[in-house]
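S.K.: Next comes input.cif, mmCIF, C-alpha atoms:
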data_target
loop_
_atom_site.group_PDB
_atom_site.id
_atom_site.type_symbol
_atom_site.label_atom_id
_atom_site.label_comp_id
_atom_site.auth_asym_id
_atom_site.auth_seq_id
_atom_site.Cartn_x
_atom_site.Cartn_y
_atom_site.Cartn_z
ATOM 1 C CA MET A 132 29.770 95.761 -15.315
ATOM 2 C CA THR A 133 29.950 98.264 -18.201
ATOM 3 C CA VAL A 134 33.255 100.100 -18.481
ATOM 4 C CA THR A 135 34.469 101.993 -21.518
ATOM 5 C CA ASP A 136 37.735 103.527 -20.391
ATOM 6 C CA GLY A 137 40.670 102.735 -18.171
ATOM 7 C CA PRO A 138 43.009 99.731 -17.895
ATOM 8 C CA ALA A 139 42.454 96.746 -20.166
ATOM 9 C CA LEU A 140 42.197 94.509 -17.111
ATOM 10 C CA LEU A 141 40.348 95.485 -13.956
ATOM 11 C CA SER A 142 40.829 93.762 -10.617
ATOM 12 C CA GLU A 143 38.496 93.978 -7.634
ATOM 13 C CA ASP A 144 38.642 92.164 -4.281
ATOM 14 C CA ARG A 145 35.694 91.516 -2.019
ATOM 15 C CA ASP A 146 35.384 89.057 0.856
ATOM 16 C CA GLY A 147 38.193 86.832 -0.356
ATOM 17 C CA VAL A 148 37.004 86.807 -3.980
ATOM 18 C CA ARG A 149 39.025 88.492 -6.709
ATOM 19 C CA THR A 150 37.220 89.486 -9.912
ATOM 20 C CA LEU A 151 39.253 90.080 -13.071
ATOM 21 C CA THR A 152 37.318 91.970 -15.735
ATOM 22 C CA LEU A 153 38.506 92.089 -19.330
ATOM 23 C CA ASN A 154 37.946 95.746 -20.140
ATOM 24 C CA ARG A 155 38.054 96.314 -23.902
ATOM 25 C CA PRO A 156 34.301 96.511 -24.540
ATOM 26 C CA ARG A 157 34.642 98.312 -27.866
ATOM 27 C CA ARG A 158 36.440 95.190 -29.150
ATOM 28 C CA LYS A 159 34.115 92.807 -27.268
ATOM 29 C CA ASN A 160 37.070 92.301 -24.926
ATOM 30 C CA ALA A 161 39.324 90.824 -27.594
ATOM 31 C CA ILE A 162 42.708 90.184 -26.004
ATOM 32 C CA ASN A 163 45.620 92.212 -27.398
ATOM 33 C CA PRO A 164 49.298 91.587 -26.515
ATOM 34 C CA GLU A 165 49.218 93.898 -23.490
ATOM 35 C CA LEU A 166 46.102 92.241 -22.110
ATOM 36 C CA TRP A 167 47.627 88.756 -22.469
ATOM 37 C CA LEU A 168 50.562 89.881 -20.337
ATOM 38 C CA ALA A 169 48.334 91.654 -17.807
ATOM 39 C CA LEU A 170 46.125 88.578 -17.497
ATOM 40 C CA ARG A 171 49.142 86.306 -16.990
ATOM 41 C CA ASP A 172 50.520 88.551 -14.270
ATOM 42 C CA ALA A 173 47.132 88.908 -12.571
ATOM 43 C CA LEU A 174 46.599 85.138 -12.452
ATOM 44 C CA ASN A 175 50.055 84.545 -11.024
ATOM 45 C CA GLU A 176 49.515 87.252 -8.417
ATOM 46 C CA ALA A 177 46.170 85.757 -7.388
ATOM 47 C CA GLY A 178 47.888 82.430 -6.828
ATOM 48 C CA ARG A 179 50.444 84.040 -4.511
ATOM 49 C CA ASP A 180 47.965 86.089 -2.473
ATOM 50 C CA ARG A 181 46.672 83.970 0.405
ATOM 51 C CA ALA A 182 43.865 86.436 1.022
ATOM 52 C CA VAL A 183 42.330 85.445 -2.331
ATOM 53 C CA ARG A 184 40.175 82.346 -1.865
ATOM 54 C CA ALA A 185 38.320 82.311 -5.221
ATOM 55 C CA LEU A 186 38.631 84.023 -8.599
ATOM 56 C CA VAL A 187 36.083 85.247 -11.154
ATOM 57 C CA ILE A 188 36.906 86.091 -14.765
ATOM 58 C CA THR A 189 34.356 88.154 -16.668
ATOM 59 C CA GLY A 190 34.089 90.793 -19.383
ATOM 60 C CA ALA A 191 32.927 94.402 -19.527
ATOM 61 C CA GLY A 192 30.201 95.832 -21.704
ATOM 62 C CA GLY A 193 27.980 92.783 -22.117
ATOM 63 C CA SER A 194 30.520 90.459 -23.742
ATOM 64 C CA PHE A 195 32.827 87.896 -22.197
ATOM 65 C CA CYS A 196 35.623 87.735 -24.785
ATOM 66 C CA SER A 197 35.732 87.603 -28.578
ATOM 67 C CA GLY A 198 39.123 85.889 -28.569
ATOM 68 C CA ALA A 199 42.569 87.118 -29.485
ATOM 69 C CA ASP A 200 42.592 90.532 -31.139
ATOM 70 C CA ILE A 201 43.948 89.656 -34.592
ATOM 71 C CA SER A 202 43.353 93.218 -35.816
ATOM 72 C CA VAL A 203 46.315 94.503 -33.796
ATOM 73 C CA PRO A 204 49.640 94.655 -35.727
ATOM 74 C CA ASP A 205 52.169 92.454 -33.977
ATOM 75 C CA ASP A 206 55.564 91.764 -35.558
ATOM 76 C CA VAL A 207 56.717 89.451 -32.783
ATOM 77 C CA HIS A 208 57.747 85.959 -33.914
ATOM 78 C CA PRO A 209 54.780 83.515 -33.687
ATOM 79 C CA LYS A 210 56.692 81.471 -31.105
ATOM 80 C CA TYR A 211 56.554 84.414 -28.697
ATOM 81 C CA LYS A 212 52.968 85.301 -29.590
ATOM 82 C CA LEU A 213 51.832 81.804 -28.664
ATOM 83 C CA GLN A 214 53.933 81.839 -25.505
ATOM 84 C CA ARG A 215 51.683 84.595 -24.176
ATOM 85 C CA LEU A 216 48.697 82.284 -24.604
ATOM 86 C CA THR A 217 50.549 79.327 -23.135
ATOM 87 C CA ASP A 218 51.499 81.338 -20.063
ATOM 88 C CA VAL A 219 47.877 82.380 -19.453
ATOM 89 C CA ALA A 220 46.457 78.890 -20.010
ATOM 90 C CA LEU A 221 48.952 77.278 -17.639
ATOM 91 C CA ALA A 222 48.594 79.993 -14.988
ATOM 92 C CA LEU A 223 44.820 79.543 -15.012
ATOM 93 C CA HIS A 224 44.977 75.739 -14.984
ATOM 94 C CA GLU A 225 47.517 75.600 -12.160
ATOM 95 C CA LEU A 226 45.909 78.283 -10.008
ATOM 96 C CA PRO A 227 45.365 76.668 -6.586
ATOM 97 C CA ILE A 228 42.075 78.472 -5.918
ATOM 98 C CA PRO A 229 38.646 77.760 -7.455
ATOM 99 C CA THR A 230 37.933 79.794 -10.598
ATOM 100 C CA VAL A 231 34.606 80.827 -12.116
ATOM 101 C CA ALA A 232 33.944 82.220 -15.576
ATOM 102 C CA LYS A 233 30.981 84.634 -15.587
ATOM 103 C CA VAL A 234 29.918 84.717 -19.233
ATOM 104 C CA THR A 235 27.615 87.266 -20.812
ATOM 105 C CA GLY A 236 27.392 87.784 -24.570
ATOM 106 C CA VAL A 237 29.991 86.184 -26.809
ATOM 107 C CA ALA A 238 32.720 83.747 -25.802
ATOM 108 C CA VAL A 239 34.610 83.023 -28.989
ATOM 109 C CA GLY A 240 37.853 81.263 -29.896
ATOM 110 C CA ALA A 241 40.487 81.811 -27.230
ATOM 111 C CA GLY A 242 37.805 83.668 -25.267
ATOM 112 C CA TRP A 243 35.705 80.520 -25.010
ATOM 113 C CA ASN A 244 38.736 78.447 -24.070
ATOM 114 C CA LEU A 245 39.569 81.006 -21.389
ATOM 115 C CA ALA A 246 36.134 80.300 -19.906
ATOM 116 C CA LEU A 247 36.575 76.538 -20.277
ATOM 117 C CA GLY A 248 39.897 76.802 -18.464
ATOM 118 C CA CYS A 249 38.012 77.932 -15.376
ATOM 119 C CA ASP A 250 36.730 75.333 -12.920
ATOM 120 C CA LEU A 251 33.095 76.417 -13.257
ATOM 121 C CA VAL A 252 31.219 78.378 -15.923
ATOM 122 C CA VAL A 253 28.086 80.476 -15.352
ATOM 123 C CA ALA A 254 26.401 81.923 -18.448
ATOM 124 C CA THR A 255 23.278 83.851 -19.348
ATOM 125 C CA PRO A 256 20.699 82.417 -21.785
ATOM 126 C CA GLU A 257 21.776 85.042 -24.333
ATOM 127 C CA SER A 258 25.425 83.916 -24.305
ATOM 128 C CA THR A 259 26.851 82.387 -27.473
ATOM 129 C CA PHE A 260 29.939 80.258 -27.993
ATOM 130 C CA SER A 261 32.161 79.330 -30.938
ATOM 131 C CA GLN A 262 35.489 77.640 -31.560
ATOM 132 C CA ILE A 263 35.874 80.094 -34.408
ATOM 133 C CA PHE A 264 39.489 79.273 -35.293
ATOM 134 C CA SER A 265 38.907 77.448 -38.586
ATOM 135 C CA ARG A 266 36.926 80.405 -39.929
ATOM 136 C CA ARG A 267 40.080 82.474 -39.421
ATOM 137 C CA GLY A 268 42.336 79.916 -41.088
ATOM 138 C CA LEU A 269 43.735 78.920 -37.709
ATOM 139 C CA SER A 270 43.807 75.842 -35.503
ATOM 140 C CA ILE A 271 42.497 75.633 -31.967
ATOM 141 C CA ASP A 272 44.572 77.186 -29.170
ATOM 142 C CA LEU A 273 44.603 78.316 -25.504
ATOM 143 C CA GLY A 274 44.304 74.688 -24.407
ATOM 144 C CA GLY A 275 41.140 73.937 -26.351
ATOM 145 C CA SER A 276 42.622 70.818 -27.944
ATOM 146 C CA TRP A 277 43.106 69.393 -24.419
ATOM 147 C CA LEU A 278 39.991 70.804 -22.746
ATOM 148 C CA LEU A 279 37.291 70.033 -25.301
ATOM 149 C CA PRO A 280 37.815 66.250 -25.686
ATOM 150 C CA LYS A 281 37.893 65.859 -21.899
ATOM 151 C CA LEU A 282 34.650 67.783 -21.493
ATOM 152 C CA VAL A 283 32.565 66.583 -24.441
ATOM 153 C CA GLY A 284 34.376 63.577 -25.918
ATOM 154 C CA LEU A 285 36.448 63.388 -29.079
ATOM 155 C CA GLN A 286 33.644 63.359 -31.638
ATOM 156 C CA GLN A 287 31.793 66.415 -30.321
ATOM 157 C CA ALA A 288 35.125 68.209 -29.851
ATOM 158 C CA LYS A 289 35.902 67.626 -33.526
ATOM 159 C CA ARG A 290 32.463 68.873 -34.522
ATOM 160 C CA LEU A 291 32.872 72.106 -32.554
ATOM 161 C CA ALA A 292 36.446 72.738 -33.701
ATOM 162 C CA LEU A 293 36.227 71.660 -37.353
ATOM 163 C CA LEU A 294 32.882 73.276 -38.190
ATOM 164 C CA ALA A 295 33.330 76.339 -35.956
ATOM 165 C CA GLU A 296 29.586 76.450 -35.345
ATOM 166 C CA THR A 297 28.059 78.977 -32.983
ATOM 167 C CA ILE A 298 26.025 77.370 -30.210
ATOM 168 C CA ASP A 299 23.807 78.939 -27.584
ATOM 169 C CA ALA A 300 23.991 78.618 -23.826
ATOM 170 C CA ALA A 301 21.360 75.874 -23.690
ATOM 171 C CA GLU A 302 23.348 73.617 -26.017
ATOM 172 C CA ALA A 303 26.616 74.480 -24.258
ATOM 173 C CA HIS A 304 24.980 73.456 -20.997
ATOM 174 C CA ALA A 305 23.698 70.204 -22.513
ATOM 175 C CA LEU A 306 27.243 69.435 -23.686
ATOM 176 C CA ASN A 307 28.654 70.100 -20.174
ATOM 177 C CA LEU A 308 30.532 73.168 -21.403
ATOM 178 C CA VAL A 309 28.526 75.477 -19.109
ATOM 179 C CA THR A 310 27.871 74.565 -15.478
ATOM 180 C CA TRP A 311 24.837 76.821 -14.930
ATOM 181 C CA VAL A 312 22.642 79.027 -17.126
ATOM 182 C CA VAL A 313 21.276 81.960 -15.120
ATOM 183 C CA ALA A 314 19.111 84.901 -16.173
ATOM 184 C CA ALA A 315 21.079 88.058 -16.890
ATOM 185 C CA ALA A 316 19.314 89.928 -14.088
ATOM 186 C CA GLU A 317 20.335 87.244 -11.599
ATOM 187 C CA ILE A 318 23.853 86.261 -12.682
ATOM 188 C CA ASP A 319 25.720 88.749 -10.460
ATOM 189 C CA ALA A 320 23.933 87.577 -7.315
ATOM 190 C CA PHE A 321 24.322 83.943 -8.349
ATOM 191 C CA VAL A 322 28.076 84.253 -8.863
ATOM 192 C CA ASP A 323 28.445 86.228 -5.629
ATOM 193 C CA ASP A 324 26.731 83.433 -3.707
ATOM 194 C CA LEU A 325 28.722 80.735 -5.519
ATOM 195 C CA THR A 326 32.107 82.331 -4.954
ATOM 196 C CA GLY A 327 31.179 83.165 -1.380
ATOM 197 C CA ARG A 328 30.666 79.470 -0.727
ATOM 198 C CA LEU A 329 33.922 78.597 -2.464
ATOM 199 C CA ALA A 330 35.834 81.272 -0.542
ATOM 200 C CA ALA A 331 34.445 79.901 2.725
ATOM 201 C CA GLY A 332 35.748 76.411 1.955
ATOM 202 C CA PRO A 333 38.957 74.853 3.311
ATOM 203 C CA PRO A 334 41.651 76.405 1.097
ATOM 204 C CA ILE A 335 44.267 73.658 1.357
ATOM 205 C CA ALA A 336 41.751 70.871 0.774
ATOM 206 C CA LEU A 337 40.129 72.677 -2.170
ATOM 207 C CA ALA A 338 43.514 73.353 -3.762
ATOM 208 C CA GLN A 339 44.462 69.702 -3.486
ATOM 209 C CA THR A 340 41.100 68.457 -4.734
ATOM 210 C CA LYS A 341 41.340 70.733 -7.761
ATOM 211 C CA ALA A 342 44.854 69.499 -8.552
ATOM 212 C CA LEU A 343 43.859 65.850 -8.089
ATOM 213 C CA LEU A 344 40.897 66.210 -10.440
ATOM 214 C CA ASN A 345 42.966 68.040 -13.055
ATOM 215 C CA GLU A 346 45.706 65.433 -12.910
ATOM 216 C CA GLY A 347 43.430 62.413 -12.534
ATOM 217 C CA ALA A 348 42.319 62.339 -16.149
ATOM 218 C CA ASP A 349 45.865 61.517 -17.231
ATOM 219 C CA ARG A 350 46.723 59.056 -14.451
ATOM 220 C CA THR A 351 46.207 55.379 -13.773
ATOM 221 C CA LEU A 352 43.953 54.458 -10.863
ATOM 222 C CA ARG A 353 47.045 53.433 -8.876
ATOM 223 C CA ASP A 354 48.638 56.857 -9.449
ATOM 224 C CA ALA A 355 45.400 58.643 -8.535
ATOM 225 C CA LEU A 356 45.000 56.692 -5.292
ATOM 226 C CA ALA A 357 48.597 57.449 -4.289
ATOM 227 C CA GLY A 358 48.049 61.148 -4.977
ATOM 228 C CA GLU A 359 44.833 61.150 -2.950
ATOM 229 C CA ALA A 360 46.596 59.539 0.006
ATOM 230 C CA ARG A 361 49.351 62.154 -0.049
ATOM 231 C CA ALA A 362 46.788 64.948 -0.232
ATOM 232 C CA GLN A 363 44.738 63.639 2.695
ATOM 233 C CA ALA A 364 47.838 63.443 4.865
ATOM 234 C CA VAL A 365 48.345 67.159 4.264
ATOM 235 C CA ASN A 366 44.662 67.888 4.968
ATOM 236 C CA PHE A 367 44.730 66.073 8.303
ATOM 237 C CA ALA A 368 47.658 68.276 9.329
ATOM 238 C CA THR A 369 45.592 71.449 8.934
ATOM 239 C CA ALA A 370 43.292 72.984 11.519
ATOM 240 C CA ASP A 371 40.452 72.743 8.991
ATOM 241 C CA ALA A 372 39.975 68.994 9.412
ATOM 242 C CA ALA A 373 39.572 69.288 13.184
ATOM 243 C CA ALA A 374 37.333 72.340 12.745
ATOM 244 C CA ALA A 375 35.068 70.405 10.416
ATOM 245 C CA TYR A 376 34.745 67.469 12.814
ATOM 246 C CA ALA A 377 34.002 69.805 15.736
ATOM 247 C CA ALA A 378 31.413 71.735 13.741
ATOM 248 C CA PHE A 379 29.715 68.493 12.679
ATOM 249 C CA ALA A 380 29.513 67.352 16.285
ATOM 250 C CA GLN A 381 28.085 70.726 17.346
ATOM 251 C CA ARG A 382 25.702 70.935 14.358
ATOM 252 C CA ARG A 383 27.056 74.230 13.062
ATOM 253 C CA GLU A 384 28.962 75.459 10.008
ATOM 254 C CA PRO A 385 32.772 75.281 10.255
ATOM 255 C CA SER A 386 35.101 78.223 9.743
ATOM 256 C CA PHE A 387 38.045 77.283 7.517
ATOM 257 C CA THR A 388 41.424 79.051 7.585
ATOM 258 C CA GLY A 389 43.915 76.664 5.977
ATOM 259 C CA ARG A 390 46.125 77.051 9.050
ATOM 260 C CA TRP A 391 48.702 74.363 9.780
ATOM 261 C CA ALA A 392 47.473 72.435 12.834
ATOM 262 C CA LEU A 393 50.893 72.236 14.488
ATOM 263 C CA SER A 394 52.301 75.670 13.811
ATOM 264 C CA ARG A 395 55.305 76.911 15.802
ATOM 265 C CA SER A 396 53.057 79.267 17.786
ATOM 266 C CA ASP A 397 50.763 76.365 18.744
ATOM 267 C CA GLN A 398 53.696 74.292 19.932
ATOM 268 C CA GLN A 399 55.084 77.157 22.008
ATOM 269 C CA SER A 400 51.733 77.715 23.709
ATOM 270 C CA GLU A 401 51.482 74.110 24.880
#
Represent the structure contained in this file as structure tokens.
M.R.:
Amino acid sequence: MTVTDGPALLSEDRDGVRTLTLNRPRRKNAINPELWLALRDALNEAGRDRAVRALVITGAGGSFCSGADISVPDDVHPKYKLQRLTDVALALHELPIPTVAKVTGVAVGAGWNLALGCDLVVATPESTFSQIFSRRGLSIDLGGSWLLPKLVGLQQAKRLALLAETIDAAEAHALNLVTWVVAAAEIDAFVDDLTGRLAAGPPIALAQTKALLNEGADRTLRDALAGEARAQAVNFATADAAAAYAAFAQRREPSFTGRWALSRSDQQSE
């Protein structure tokens, strides 16, 4: 999508999938203070809207995001500047729906960490990535210090953050920082198919699986097993579990709604 005017953040819904497009192409979608706030609000709204079953974050004009816009004068105390980033990182991480970063062009600094904060990352072969912070006299932010070691291990995380090298999509994929590399002419259709499958999934079960995986890295096995047991109890109380079993028996695809299996209306109809 190439857009040169209008709001700094665009939102579009289609078939249960919400696409948020960073729309500052003349700045390679660098995020200014207003866009941080708009992105925070949009993520929170997506989490509240039950009609939204999956979320895509992408950029306009051939770039994903060149990071925070440090060219914009901002006299706010650094504590409040960083709170904007914290709010976005936490909103994205805690979003109960699957998220996909669709990356074209550059993903730099906080822009790359915005992509890494998504559950899945799809990039074109031409995409480039850099933890550019040290070149700007800054340290890593937007959750990169937590995300990178978990994804690539401590040593590679230090290499990427300390040297601020630029890597291509092939190397990012080899390091497990990109889930798929797809030709530019095919990426829209690929992401549409991917998010369509995610949106068709059981919403309660997917939300719980996402949370369990996010939390599991910091838990003991005993804690993880207890969390899994609690989550499954909730899943078995939805109509989705029964729908899946019935579809399996009938050799067809299930239709998932996330509906509570014993809703008040169900009880009254018995």
S.K.: On this structure, which residues satisfy the PyMOL selection byres ((chain A and resi 363) around 12), written as a list in words?
M.R.: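 Applying the PyMOL selection byres ((chain A and resi 363) around 12) to the structure shown produces Ile335, Ala336, Leu337, Ala338, Gln339, Thr340, Leu343, Leu356, Ala357, Gly358, Glu359, Ala360, Arg361, Ala362, Ala364, Val365, Asn366, Phe367, Ala368, Thr369, Asp371 and Ala372 of chain A.
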S.K.: I need the residue set behind the PyMOL selection byres ((chain A and resi 172) around 12) for this file; please write it as number ranges by chain.
M.R.: A: 140, 142, 151, 165-171, 173-179, 215, 218-223
S.K.: Would you translate the PyMOL selection byres ((chain A and resi 191) around 12) into the concrete set of residues it matches in this file, as a PyMOL selection string?
M.R.: chain A and resi 132-142+150-161+188-190+192-197+233-237
S.K.: Could you write out the selected residues, including C-alpha atoms, as a PDB file, keeping the file's coordinate frame?
M.R.:
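Listed below is the output, out32.pdb:
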ATOM      1  CA  MET A 132      29.770  95.761 -15.315  1.00  0.00           C
ATOM      2  CA  THR A 133      29.950  98.264 -18.201  1.00  0.00           C
ATOM      3  CA  VAL A 134      33.255 100.100 -18.481  1.00  0.00           C
ATOM      4  CA  THR A 135      34.469 101.993 -21.518  1.00  0.00           C
ATOM      5  CA  ASP A 136      37.735 103.527 -20.391  1.00  0.00           C
ATOM      6  CA  GLY A 137      40.670 102.735 -18.171  1.00  0.00           C
ATOM      7  CA  PRO A 138      43.009  99.731 -17.895  1.00  0.00           C
ATOM      8  CA  ALA A 139      42.454  96.746 -20.166  1.00  0.00           C
ATOM      9  CA  LEU A 140      42.197  94.509 -17.111  1.00  0.00           C
ATOM     10  CA  LEU A 141      40.348  95.485 -13.956  1.00  0.00           C
ATOM     11  CA  SER A 142      40.829  93.762 -10.617  1.00  0.00           C
ATOM     12  CA  THR A 150      37.220  89.486  -9.912  1.00  0.00           C
ATOM     13  CA  LEU A 151      39.253  90.080 -13.071  1.00  0.00           C
ATOM     14  CA  THR A 152      37.318  91.970 -15.735  1.00  0.00           C
ATOM     15  CA  LEU A 153      38.506  92.089 -19.330  1.00  0.00           C
ATOM     16  CA  ASN A 154      37.946  95.746 -20.140  1.00  0.00           C
ATOM     17  CA  ARG A 155      38.054  96.314 -23.902  1.00  0.00           C
ATOM     18  CA  PRO A 156      34.301  96.511 -24.540  1.00  0.00           C
ATOM     19  CA  ARG A 157      34.642  98.312 -27.866  1.00  0.00           C
ATOM     20  CA  ARG A 158      36.440  95.190 -29.150  1.00  0.00           C
ATOM     21  CA  LYS A 159      34.115  92.807 -27.268  1.00  0.00           C
ATOM     22  CA  ASN A 160      37.070  92.301 -24.926  1.00  0.00           C
ATOM     23  CA  ALA A 161      39.324  90.824 -27.594  1.00  0.00           C
ATOM     24  CA  ILE A 188      36.906  86.091 -14.765  1.00  0.00           C
ATOM     25  CA  THR A 189      34.356  88.154 -16.668  1.00  0.00           C
ATOM     26  CA  GLY A 190      34.089  90.793 -19.383  1.00  0.00           C
ATOM     27  CA  GLY A 192      30.201  95.832 -21.704  1.00  0.00           C
ATOM     28  CA  GLY A 193      27.980  92.783 -22.117  1.00  0.00           C
ATOM     29  CA  SER A 194      30.520  90.459 -23.742  1.00  0.00           C
ATOM     30  CA  PHE A 195      32.827  87.896 -22.197  1.00  0.00           C
ATOM     31  CA  CYS A 196      35.623  87.735 -24.785  1.00  0.00           C
ATOM     32  CA  SER A 197      35.732  87.603 -28.578  1.00  0.00           C
ATOM     33  CA  LYS A 233      30.981  84.634 -15.587  1.00  0.00           C
ATOM     34  CA  VAL A 234      29.918  84.717 -19.233  1.00  0.00           C
ATOM     35  CA  THR A 235      27.615  87.266 -20.812  1.00  0.00           C
ATOM     36  CA  GLY A 236      27.392  87.784 -24.570  1.00  0.00           C
ATOM     37  CA  VAL A 237      29.991  86.184 -26.809  1.00  0.00           C
TER      38      VAL A 237
END
S.K.: Go through A:Cys249, A:Ala373, A:Ile263, A:Val148 and flag the residue nearest Pro385 (chain A), using all atoms listed in the file for the distances.
M.R.: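 The shortest atom-to-atom distance to Pro385 (chain A) comes from A:Ala373.
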S.K.: Work out how far apart CA of Thr217 (chain A) and CA of Gly275 (chain A) are and give it in Å to one decimal.
M.R.: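 It comes out at 11.3 Å.
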S.K.: Which of these, A:Ala377, A:Leu291, A:Leu226, A:Val312, has the shortest distance to Glu257 (chain A) once you count only C-alpha atoms?
M.R.: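 Among the listed residues, A:Val312 lies closest to Glu257 (chain A).
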S.K.: Please provide as an NGL selection string all residues within 9 Å of Val322 (chain A), with the sequence filter that same-chain residues fewer than 2 positions apart are discarded (counting all atoms listed in the file).
M.R.: :A and (187 or 231 or 233 or 253 or 317-320 or 324-327)
S.K.: Excluding Ile201 (chain A) and any residue of its chain fewer than 6 positions from it, enumerate the residues within 10 Å of it, using all atoms listed in the file, and give them as a PyMOL selection string.
M.R.: chain A and resi 161-164+267
S.K.: Would you please work out which residue, of A:Gly147, A:Gly347, A:Gly240, A:Gly389, is nearest to Ala370 (chain A) when using all atoms listed in the file?
M.R.: A:Gly389
S.K.: Of the residues A:Val309, A:Ala380, A:Leu352, A:Ala301, which is the one nearest to Ala246 (chain A), using only C-alpha atoms?
M.R.: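 Nearest candidate to Ala246 (chain A) out of A:Val309, A:Ala380, A:Leu352, A:Ala301: A:Val309.
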S.K.: Between CA of Thr255 (chain A) and CA of Leu216 (chain A), what is the spacing in Å?
M.R.: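 Result for CA of Leu216 (chain A) versus CA of Thr255 (chain A): 26.0 Å, one decimal.
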